[in-house]
Every structure is written in C-alpha cells, then in structure tokens.
Amino acid sequence: MKGFATLAAIAALAAKASAHYVWPQLIVNGANTTSWQYVRQSNNWQDLNPLTDVSSVDVRCYDSEESGTSSTMSVAAGSTVGFTVSGNPANLYHPGVLNVYMAKAPDGTDVADWDGSGNVWFKVYQISAVTDGGSTITFPATGMPEVTFPIPSETPSGQYLIRIEHIALHVASSFGGAQFYIACGQVEVTGGGSGTPGPLVQFPGEYTGNEPGILLDIYYPIPATYTQPGPAVWPAA
C-alpha cells in the first residue's frame with residue numbers, strides 16, 4: 001500500500017507543472033457568458049499557474065496584475081450561476097475541494113471598483129472530500145468542466161463579488177503545497193431577501209495554510225476524516 005502511495009505522490013509531482021486551469025466565464029441560468037466579461041481576469045489567465053501563498057492579497061481574487069475592466073451581471077436571488085473551467089484539460093483535473101464565497105460591496109460603491117477587503121466574505125457553496133475512515137478518500141469535484149450553484153434566495157439585493165476557489169491537494173503534504181485556483185465574478189443581485197449572511201471572514205486572513213484541510217497528505221496514510229477549509233455554508237441547510 002505504501003509503495004502505491006509513493007507512486008501516486010511521484011505522479012502528482014510530475015503533474016505539478018501541468019494540468020492547470022482558470023475560471024473565465026460566468027454561467028447565468030445555464031448560459032455561458034463571454035470569457036472575462038463578468039469575471040475579473042486573473043493573473044494566471046495565460047500561464048494558468050495557481051496561487052500557493054494564502055497570505056497574499058491575491059488569495060482574494062487573484063487579480064492584482066490585471067486592469068479590472070469586467071462588467072457586472074444582473075442575477076436574481078435564488079437563480080443558478082456558476083463558472084466554467086478552461087485549461088489543459090478544461091476541467092478540475094487535480095484532486096481537491098471547492099468553496100464559493102460572496103461579498104457585498106458597500107452601499108454607494110460600484111463593485112467593479114471594489115477590492116473586497118474586510119470581514120465581508122460568506123460561503124454559499126462547497127464541494128468537500130468524502131472519506132470512509134481511512135480506506136479511501138475521494139474528491140467529487142475532480143473532473144468537473146464547470147461548477148454551478150444557487151444564489152441563496154435570502155441574499156439581500158445589491159452588488160457582489162462571487163469568489164470561487166478550487167484547492168488542489170495533490171502536493172499538499174508540505175506547507176505551501178496546496179494549489180489555489182481562484183476567480184471573482186461581479187454580479188448585481190436583484191429581488192433579494194432579508195437574510196443576514198454569515199459568518200463573515202476576510203481574505204487574506206481566513207486561511208493560514210496550516211489548516212488540516214489544506215496541509216495534508218492525501219495518499220499515505222489516507223486521511224480517516226477531512227475538514228473543509230473555511231466557515232460553514234450560509235444559509236444553513
């Protein structure tokens with residue numbers, strides 16, 4: 001078993017510089033929009049390289065090197081949105097987990113001009129790992145060419161950033177090994193509810209890189225349990 005795990009780890013290292021990806025298109029009610037039209041162009045839009053430093057301001061939207069010319073898409077509270085994956089291959093190739101956060105721009109501020117700073121982010125969706133006590137660990141997000149999820153109907157109306165992250169864990173056994181594939185879309189939620197999103201967190205700040213769901217060896221010994229990084233999903237099921 002250990003020999004198999006060693007081979008898996010070697011294969012993962014070989015894949016470290018390949019099979020990277022970005023999130024270029026916002027999906028609204030089943031329709032793909034133009035690449036980078038409503039998604040902020042990420043620093044890795046050409047080289048596809050992930051972020052590994054969770055203390056960097058780029059853990060927020062990974063867009064510090066870009067011009068920020070994206071538009072804002074109107075979406076109804078309760079509707080389904082998502083992001084497409086582009087890369088080689090064009091899917092979430094690496095084993096890992098997924099989180100989706102939203103953050104409301106301050107009243108009177110155009111979300112296109114806002115950097116998403118402060119304790120403003122709340123989680124609305126996640127795809128975690130599945131374990132069975134130490135025999136196997138599986139990652140349901142692996143291989144997905146796109147990810148869709150609902151805007152909670154309780155979300156108040158206003159302009160928001162939607163931040164998606166896939167945390168690839170194939171080389172996460174040492175600090176800084178986890179790979180973060182991040183993008184932020186810009187939306188205006190209409191017909192919103194009166195909910196109070198939370199808990200609220202900030203980026204950078206929410207992750208240290210030492211969390212058990214970020215710093216772990218998924219090959220040997222196989223984790224008996226898995227703890228999803230970040231706060232609980234809002235609203236609670």
# chains A, B, ... in the order shown; residues from 1 in each chain; ligands from 1
>>> closest_atom_pairs(of="segment 142-228 of chain A", to="segment 117-130 of chain A", cutoff="8 Å", atoms="only C-alpha atoms", output="Markdown table")
| residue | atom | partner | partner_atom | distance |
| --- | --- | --- | --- | --- |
| A:Phe149 | CA | A:Tyr125 | CA | 6.8 |
| A:Ile151 | CA | A:Val124 | CA | 7.6 |
| A:Pro152 | CA | A:Val124 | CA | 7.3 |
| A:Pro197 | CA | A:Phe122 | CA | 6.4 |
| A:Gly198 | CA | A:Phe122 | CA | 5.3 |
| A:Pro199 | CA | A:Phe122 | CA | 6.0 |
| A:Leu200 | CA | A:Phe122 | CA | 5.0 |
| A:Val201 | CA | A:Asn119 | CA | 4.6 |
| A:Gln202 | CA | A:Asn119 | CA | 4.4 |
| A:Phe203 | CA | A:Ser117 | CA | 7.0 |
| A:Tyr226 | CA | A:Ala129 | CA | 6.5 |
| A:Gln228 | CA | A:Ser128 | CA | 6.1 |
>>> residues_around(residues="Thr208 of chain A", least_positions_apart="2", cutoff="10 Å", atoms="only C-alpha atoms", output="ChimeraX atom specification")
/A:53-55,175-176,204-206,210-211,214-215
>>> residues_around(residues="Gly133 of chain A", least_positions_apart="6", cutoff="12 Å", atoms="only C-alpha atoms", output="short mmCIF file (atom, residue, chain, number, x, y, z; two decimals) with C-alpha atoms, in the first residue's frame")
data_model
loop_
_atom_site.label_atom_id
_atom_site.label_comp_id
_atom_site.auth_asym_id
_atom_site.auth_seq_id
_atom_site.Cartn_x
_atom_site.Cartn_y
_atom_site.Cartn_z
CA PRO A 221 -1.67 7.44 5.30
CA ILE A 222 -5.09 8.01 3.73
CA PRO A 223 -6.94 10.55 5.91
CA ALA A 224 -9.66 8.99 8.04
CA THR A 225 -11.61 12.26 8.03
CA TYR A 226 -11.49 15.55 6.16
#
>>> select_by_dssp(residues="segment 41-236 of chain A", states="helix (DSSP H, G or I)", output="ChimeraX atom specification")
/A:58-61,111-113
>>> residues_around(residues="segment 156-171 of chain A", least_positions_apart="5", cutoff="7 Å", atoms="only C-alpha atoms", output="VMD selection string")
chain A and resid 12 to 13 61 94 to 105 111 177 to 195
>>> closest_residue(among="A:Ala112, A:Val75, A:Val81, A:Ala19", to="Asn49 of chain A", atoms="only C-alpha atoms")
A:Ala19
>>> atom_distance(atom1="atom CA of Ser67 of chain A", atom2="atom CA of Gln41 of chain A")
8.0 Å
>>> select_by_dssp(residues="segment 34-167 of chain A", states="strand (DSSP E or B)", output="number ranges by chain")
A: 39, 51, 73-76, 80-84, 86-87, 96-104, 121-127, 130-131, 137-138, 146-150, 158-167
